[in-house]
Number of protein chains: 2
Amino acid sequence: MSETRVLEIRRKALEANEAVARRLREGWENTLVLNLISSPGSGKTTLLEATVSRLREEYRIAVLEGDVETERDADRIRALGVPAHQILTGGACHLEAKLVEKNYREADFGDLDILFIENVGNLICPTSYDLGEDFKVALLSTAEGEDKPFKYPAIFSKAEVSIITKADLLPHLPFDVEAVREQISTLNPSGRILLTSTLSGEGIDQWCDLLREKLGDKRARSA
Amino acid sequence: MSETRVLEIRRKALEANEAVARRLREGWENTLVLNLISSPGSGKTTLLEATVSRLREEYRIAVLEGDVETERDADRIRALGVPAHQILTGGACHLEAKLVEKNYREADFGDLDILFIENVGNLICPTSYDLGEDFKVALLSTAEGEDKPFKYPAIFSKAEVSIITKADLLPHLPFDVEAVREQISTLNPSGRILLTSTLSGEGIDQWCDLLREKLGDKRARSA
């Protein structure tokens with residue numbers, strides 16, 4: 001197959017995805033929706049556990065968990081008393097809006113204040129697919145190395161919030177936080193950057209405050 | 001586009017890839033070729049630095065470095081006096097045989113004993129693409145969490161060797177090495193599993209011995 005034909009197929013797939021994402025976004029007028037993207041093991045589910053534990057009394061929260069295989073991540077959220085629905089992609093390396101729409105309907109969460117969509121563990125493929133979210137959140141763990149934003153510029157350019165996770169490992173690792181902040185700021189001058197650790201609790205309050213602020217802004221705009 | 005049509009396009013792409021991979025494999029009759037696959041930041045380049053530092057006097061070695069962006073990884077290998085050629089995929093989440101063939105020709109490494117192909121940092125997409133290698137090596141760092149083999153079963157089923165990296169972080173992490181070994185052994189009963197740390201040197205001798213053994217086996221077969 002020619003390169004042109006491949007690009008044409010890809011363009012059509014992304015256009016079809018955009019149409020569904022627009023429909024999802026219209027339906028989520030009063031819900032703050034986040035699309036969490038990172039490599040496997042950067043700590044998406046662990047951050048969500050810490051987040052829903054703090055916010056579950058304050059807000060109506062639910063989680064859509066994207067994975068290639070296993071129901072483990074949804075089970076971890078449900079164990080905290082927060083509704084979660086697992087989306088299995090059957091081998092695909094990212095979520096698409098159509099799959100999110102189908103699973104969101106099946107999940108039947110009711111009215112929500114915050115919906116977290118945890119994408120498949122992958123720094124590349126999920127970047128191009130709009131899921132109807134308010135913004136993307138990119139996670140990078142300190143154990144992954146300080147060269148990553150410039151090596152995976154697409155996601156760090158697009159994510160409104162970047163979170164450096166596993167700050168508790170910094171004493172044991174060669175990882176220059178300032179160098180990483182600089183790379184992310186170069187790619188995305190208006191993006192927010194947080195440094196967190198679910199073990200020590202560092203940065204989790206700021207993250208929860210950011211969610212409160214974003215939800216407030218969204219409701220003020222739609223009011 | 002219908003699901004059937006998507007599957008048909010994918011099947012054709014994989015068939016075309018297989019044909020090129022067969023041609024590459026025939027050309028590498030006397031060279032041990034490895035395809036290294038992991039998430040970003042699991043330590044592929046760092047393992048290669050440690051490996052070529054130990055083996056560069058003993059063998060003719062070269063490295064093909066797959067990345068979405070930047071020449072950084074190839075620069076790190078070249079700094080050790082070992083030839084390396086960067087393959088930039090321009091956004092694609094995996095290497096394909098055709099791209100490897102084109103870049104291998106351009107690199108013009110001459111006769112080699114061992115060729116390492118470092119795939120794009122991604123646990124999903126590279127799994128289906130044969131690059132003409134003798135075997136795939138899957139890397140998983142202790143910082144990524146102990147649930148990963150069952151969450152990404154395809155690569156751990158296919159990799160003849162799985163390497164658990166960053167063993168030096170074990171005292172600071174919740175990571176049960178035996179549980180991970182069990183998952184990998186379930187997925188791949190005949191696979192080899194190594195535990196390594198480039199910081200402490202743990203497991204690096206065994207890894208180099210494994211490469212010597214595999215190269216010896218290959219040359220005995222082709223003799």
# chains A, B, ... in the order shown; residues from 1 in each chain; ligands from 1
>>> closest_atom_pairs(of="chain A", to="chain B", cutoff="9 Å", atoms="only C-alpha atoms", output="JSON lines")
{"residue": "A:Met1", "atom": "CA", "partner": "B:Ala13", "partner_atom": "CA", "distance": 7.7}
{"residue": "A:Ile9", "atom": "CA", "partner": "B:Met1", "partner_atom": "CA", "distance": 8.7}
{"residue": "A:Lys12", "atom": "CA", "partner": "B:Met1", "partner_atom": "CA", "distance": 8.5}
{"residue": "A:Ala13", "atom": "CA", "partner": "B:Met1", "partner_atom": "CA", "distance": 7.7}
{"residue": "A:Ser39", "atom": "CA", "partner": "B:Ser39", "partner_atom": "CA", "distance": 6.2}
{"residue": "A:Pro40", "atom": "CA", "partner": "B:Glu144", "partner_atom": "CA", "distance": 6.6}
{"residue": "A:Gly41", "atom": "CA", "partner": "B:Glu144", "partner_atom": "CA", "distance": 3.8}
{"residue": "A:Ser42", "atom": "CA", "partner": "B:Glu144", "partner_atom": "CA", "distance": 6.4}
{"residue": "A:Gly43", "atom": "CA", "partner": "B:Glu144", "partner_atom": "CA", "distance": 8.0}
{"residue": "A:Asp67", "atom": "CA", "partner": "B:Lys151", "partner_atom": "CA", "distance": 7.5}
{"residue": "A:Val68", "atom": "CA", "partner": "B:Lys151", "partner_atom": "CA", "distance": 6.7}
{"residue": "A:Glu69", "atom": "CA", "partner": "B:Lys151", "partner_atom": "CA", "distance": 5.3}
{"residue": "A:Thr70", "atom": "CA", "partner": "B:Lys151", "partner_atom": "CA", "distance": 6.0}
{"residue": "A:Arg72", "atom": "CA", "partner": "B:Lys151", "partner_atom": "CA", "distance": 8.5}
{"residue": "A:Gly91", "atom": "CA", "partner": "B:Ile124", "partner_atom": "CA", "distance": 7.7}
{"residue": "A:Ala92", "atom": "CA", "partner": "B:Ile124", "partner_atom": "CA", "distance": 7.9}
{"residue": "A:Cys93", "atom": "CA", "partner": "B:Ile124", "partner_atom": "CA", "distance": 6.1}
{"residue": "A:Gly121", "atom": "CA", "partner": "B:Leu123", "partner_atom": "CA", "distance": 8.2}
{"residue": "A:Asn122", "atom": "CA", "partner": "B:Asn122", "partner_atom": "CA", "distance": 6.3}
{"residue": "A:Leu123", "atom": "CA", "partner": "B:Asn122", "partner_atom": "CA", "distance": 7.4}
{"residue": "A:Ile124", "atom": "CA", "partner": "B:Cys93", "partner_atom": "CA", "distance": 6.1}
{"residue": "A:Cys125", "atom": "CA", "partner": "B:Cys93", "partner_atom": "CA", "distance": 6.6}
{"residue": "A:Ser141", "atom": "CA", "partner": "B:Ala143", "partner_atom": "CA", "distance": 8.6}
{"residue": "A:Ala143", "atom": "CA", "partner": "B:Ala143", "partner_atom": "CA", "distance": 6.3}
{"residue": "A:Glu144", "atom": "CA", "partner": "B:Gly41", "partner_atom": "CA", "distance": 3.8}
{"residue": "A:Gly145", "atom": "CA", "partner": "B:Gly41", "partner_atom": "CA", "distance": 5.7}
{"residue": "A:Glu146", "atom": "CA", "partner": "B:Gly41", "partner_atom": "CA", "distance": 8.9}
{"residue": "A:Asp147", "atom": "CA", "partner": "B:Arg72", "partner_atom": "CA", "distance": 8.6}
{"residue": "A:Lys148", "atom": "CA", "partner": "B:Pro40", "partner_atom": "CA", "distance": 7.6}
{"residue": "A:Phe150", "atom": "CA", "partner": "B:Thr70", "partner_atom": "CA", "distance": 7.3}
{"residue": "A:Lys151", "atom": "CA", "partner": "B:Glu69", "partner_atom": "CA", "distance": 5.3}
{"residue": "A:Tyr152", "atom": "CA", "partner": "B:Val68", "partner_atom": "CA", "distance": 6.9}
{"residue": "A:Pro153", "atom": "CA", "partner": "B:Glu69", "partner_atom": "CA", "distance": 7.8}
{"residue": "A:Ala154", "atom": "CA", "partner": "B:Gly91", "partner_atom": "CA", "distance": 8.5}
{"residue": "A:Asp168", "atom": "CA", "partner": "B:His172", "partner_atom": "CA", "distance": 8.9}
{"residue": "A:Leu169", "atom": "CA", "partner": "B:His172", "partner_atom": "CA", "distance": 7.3}
{"residue": "A:His172", "atom": "CA", "partner": "B:Leu169", "partner_atom": "CA", "distance": 7.3}
{"residue": "A:Leu173", "atom": "CA", "partner": "B:Leu169", "partner_atom": "CA", "distance": 8.6}
>>> residues_around(residues="Ser162 (chain A)", least_positions_apart="2", cutoff="9 Å", atoms="only C-alpha atoms", output="list of chain:residue names")
A:Lys136, A:Val137, A:Ala138, A:Leu139, A:Leu140, A:Phe156, A:Ala159, A:Glu160, A:Ile164, A:Ile184, A:Gly191, A:Arg192, A:Ile193, A:Leu194, A:Leu195
>>> select_by_dssp(residues="region 108-215 of chain B", states="helix (DSSP H, G or I)", output="count of residues only")
46
>>> closest_residue(among="B:Ser222, B:Thr196, B:Asn103, B:Asn35", to="Leu88 (chain B)", atoms="only C-alpha atoms")
B:Asn103
>>> closest_residue(among="B:Leu115, B:Ala21, B:Glu49, B:Leu14", to="Ala62 (chain B)", atoms="only C-alpha atoms")
B:Leu115
>>> residues_around(residues="Arg78 (chain B)", least_positions_apart="4", cutoff="12 Å", atoms="only C-alpha atoms", output="list of chain:residue names")
B:Thr45, B:Leu48, B:Glu49, B:Val52, B:Ser53, B:Arg56, B:Ile61, B:Ala62, B:Val63, B:Leu64, B:Glu65, B:Glu71, B:Arg72, B:Asp73, B:Ala74, B:Val82, B:Pro83, B:Ala84, B:His85, B:Gln86
>>> write_last_selection(atoms="N, CA and C atoms", output="short mmCIF file (atom, residue, chain, number, x, y, z; two decimals), in the first residue's frame")
data_model
loop_
_atom_site.label_atom_id
_atom_site.label_comp_id
_atom_site.auth_asym_id
_atom_site.auth_seq_id
_atom_site.Cartn_x
_atom_site.Cartn_y
_atom_site.Cartn_z
N THR B 45 18.52 1.73 26.35
CA THR B 45 19.79 2.35 25.93
C THR B 45 20.86 2.17 27.01
N LEU B 48 22.19 -1.23 26.79
CA LEU B 48 23.08 -1.34 25.62
C LEU B 48 24.44 -0.68 25.90
N GLU B 49 24.44 0.45 26.59
CA GLU B 49 25.71 1.09 26.95
C GLU B 49 26.57 0.11 27.76
N VAL B 52 27.68 -2.95 25.34
CA VAL B 52 28.73 -2.70 24.35
C VAL B 52 30.05 -2.34 25.03
N SER B 53 29.98 -1.71 26.21
CA SER B 53 31.22 -1.41 26.93
C SER B 53 31.97 -2.70 27.26
N ARG B 56 32.69 -4.77 23.37
CA ARG B 56 33.17 -4.13 22.14
C ARG B 56 34.56 -4.60 21.71
N ILE B 61 30.25 -5.03 16.90
CA ILE B 61 28.88 -4.72 17.34
C ILE B 61 28.40 -3.43 16.69
N ALA B 62 27.11 -3.36 16.39
CA ALA B 62 26.51 -2.08 15.98
C ALA B 62 25.09 -2.01 16.53
N VAL B 63 24.56 -0.80 16.54
CA VAL B 63 23.24 -0.58 17.12
C VAL B 63 22.39 0.26 16.16
N LEU B 64 21.16 -0.20 15.91
CA LEU B 64 20.14 0.62 15.23
C LEU B 64 19.19 1.13 16.30
N GLU B 65 19.04 2.44 16.38
CA GLU B 65 18.25 3.05 17.44
C GLU B 65 16.94 3.59 16.89
N GLU B 71 18.19 12.33 18.18
CA GLU B 71 19.33 11.45 17.88
C GLU B 71 20.04 11.04 19.17
N ARG B 72 19.43 11.32 20.33
CA ARG B 72 20.16 11.18 21.59
C ARG B 72 20.68 9.77 21.85
N ASP B 73 19.85 8.76 21.56
CA ASP B 73 20.25 7.39 21.91
C ASP B 73 21.45 6.94 21.08
N ALA B 74 21.43 7.24 19.79
CA ALA B 74 22.56 6.86 18.94
C ALA B 74 23.83 7.59 19.41
N VAL B 82 31.24 2.70 19.50
CA VAL B 82 30.53 1.64 18.78
C VAL B 82 29.61 2.30 17.76
N PRO B 83 29.61 1.80 16.50
CA PRO B 83 28.77 2.46 15.49
C PRO B 83 27.28 2.33 15.81
N ALA B 84 26.57 3.42 15.62
CA ALA B 84 25.12 3.43 15.85
C ALA B 84 24.48 4.31 14.80
N HIS B 85 23.27 3.94 14.42
CA HIS B 85 22.52 4.69 13.40
C HIS B 85 21.12 4.93 13.94
N GLN B 86 20.70 6.18 13.90
CA GLN B 86 19.37 6.51 14.43
C GLN B 86 18.30 6.34 13.36
#
>>> select_by_dssp(residues="region 123-221 of chain A", states="strand (DSSP E or B)", output="PyMOL selection string")
chain A and resi 135-141+161-165+192-195
>>> write_last_selection(atoms="N, CA and C atoms", output="PDB file, in the first residue's frame")
ATOM      1  N   PHE A 135      -9.248  18.304  28.976  1.00  0.00           N
ATOM      2  CA  PHE A 135      -7.812  18.394  28.690  1.00  0.00           C
ATOM      3  C   PHE A 135      -7.124  17.064  28.948  1.00  0.00           C
ATOM      4  N   LYS A 136      -5.958  16.940  28.335  1.00  0.00           N
ATOM      5  CA  LYS A 136      -5.116  15.767  28.513  1.00  0.00           C
ATOM      6  C   LYS A 136      -4.147  16.015  29.664  1.00  0.00           C
ATOM      7  N   VAL A 137      -3.841  14.950  30.389  1.00  0.00           N
ATOM      8  CA  VAL A 137      -2.842  14.999  31.448  1.00  0.00           C
ATOM      9  C   VAL A 137      -1.758  13.983  31.089  1.00  0.00           C
ATOM     10  N   ALA A 138      -0.511  14.439  30.975  1.00  0.00           N
ATOM     11  CA  ALA A 138       0.600  13.524  30.691  1.00  0.00           C
ATOM     12  C   ALA A 138       1.325  13.216  31.984  1.00  0.00           C
ATOM     13  N   LEU A 139       1.603  11.954  32.235  1.00  0.00           N
ATOM     14  CA  LEU A 139       2.366  11.565  33.419  1.00  0.00           C
ATOM     15  C   LEU A 139       3.720  11.018  32.994  1.00  0.00           C
ATOM     16  N   LEU A 140       4.743  11.323  33.787  1.00  0.00           N
ATOM     17  CA  LEU A 140       6.100  10.830  33.544  1.00  0.00           C
ATOM     18  C   LEU A 140       6.691  10.524  34.907  1.00  0.00           C
ATOM     19  N   SER A 141       7.130   9.289  35.117  1.00  0.00           N
ATOM     20  CA  SER A 141       7.705   8.982  36.428  1.00  0.00           C
ATOM     21  C   SER A 141       9.188   9.315  36.436  1.00  0.00           C
ATOM     22  N   VAL A 161      -1.784  19.668  31.370  1.00  0.00           N
ATOM     23  CA  VAL A 161      -1.120  19.425  32.657  1.00  0.00           C
ATOM     24  C   VAL A 161      -0.140  18.267  32.495  1.00  0.00           C
ATOM     25  N   SER A 162       1.096  18.459  32.962  1.00  0.00           N
ATOM     26  CA  SER A 162       2.076  17.370  33.000  1.00  0.00           C
ATOM     27  C   SER A 162       2.407  17.079  34.455  1.00  0.00           C
ATOM     28  N   ILE A 163       2.405  15.802  34.809  1.00  0.00           N
ATOM     29  CA  ILE A 163       2.678  15.425  36.194  1.00  0.00           C
ATOM     30  C   ILE A 163       3.918  14.541  36.239  1.00  0.00           C
ATOM     31  N   ILE A 164       4.917  14.972  36.999  1.00  0.00           N
ATOM     32  CA  ILE A 164       6.099  14.151  37.245  1.00  0.00           C
ATOM     33  C   ILE A 164       5.798  13.336  38.499  1.00  0.00           C
ATOM     34  N   THR A 165       5.673  12.029  38.345  1.00  0.00           N
ATOM     35  CA  THR A 165       5.264  11.163  39.461  1.00  0.00           C
ATOM     36  C   THR A 165       6.478  10.508  40.129  1.00  0.00           C
ATOM     37  N   ARG A 192       0.741  23.437  32.700  1.00  0.00           N
ATOM     38  CA  ARG A 192       1.021  23.371  34.138  1.00  0.00           C
ATOM     39  C   ARG A 192       1.855  22.117  34.406  1.00  0.00           C
ATOM     40  N   ILE A 193       2.783  22.215  35.347  1.00  0.00           N
ATOM     41  CA  ILE A 193       3.630  21.072  35.689  1.00  0.00           C
ATOM     42  C   ILE A 193       3.550  20.827  37.194  1.00  0.00           C
ATOM     43  N   LEU A 194       3.256  19.591  37.580  1.00  0.00           N
ATOM     44  CA  LEU A 194       3.199  19.238  39.003  1.00  0.00           C
ATOM     45  C   LEU A 194       4.208  18.134  39.289  1.00  0.00           C
ATOM     46  N   LEU A 195       4.753  18.147  40.490  1.00  0.00           N
ATOM     47  CA  LEU A 195       5.656  17.085  40.959  1.00  0.00           C
ATOM     48  C   LEU A 195       4.933  16.374  42.094  1.00  0.00           C
TER      49      LEU A 195
END
>>> residues_around(residues="Cys208 (chain B)", least_positions_apart="4", cutoff="8 Å", atoms="only C-alpha atoms", output="compact mmCIF listing (two decimals) with N, CA and C atoms, in the first residue's frame")
# COMPACT_ATOMS: atom_id res chain seq x y z
N THR B 51 26.34 -3.10 27.86
CA THR B 51 26.66 -4.30 27.07
C THR B 51 27.80 -4.03 26.10
N ARG B 54 31.23 -3.75 27.60
CA ARG B 54 31.89 -5.02 27.96
C ARG B 54 32.30 -5.85 26.75
N LEU B 55 31.54 -5.75 25.67
CA LEU B 55 31.75 -6.69 24.56
C LEU B 55 32.43 -6.08 23.34
N ILE B 204 24.53 -8.38 34.65
CA ILE B 204 25.09 -7.96 33.35
C ILE B 204 26.02 -9.05 32.79
N ARG B 212 26.80 -14.43 24.21
CA ARG B 212 27.87 -15.31 23.68
C ARG B 212 27.30 -16.67 23.29
>>> residues_around(residues="Asn30 (chain B)", least_positions_apart="5", cutoff="12 Å", atoms="only C-alpha atoms", output="list in words")
Leu24, Arg25, Arg60, Asp111, Leu112, Asp113, Ile114, Leu115, Glu133, Asp134, Lys214, Leu215, Gly216, Asp217, Lys218, Arg219, Ala220, Arg221, Ser222 and Ala223 of chain B
>>> atom_distance(atom1="CA of Arg22 (chain B)", atom2="CA of Thr4 (chain A)")
25.5 Å
>>> atom_distance(atom1="CA of Glu29 (chain A)", atom2="CA of Leu131 (chain A)")
14.1 Å
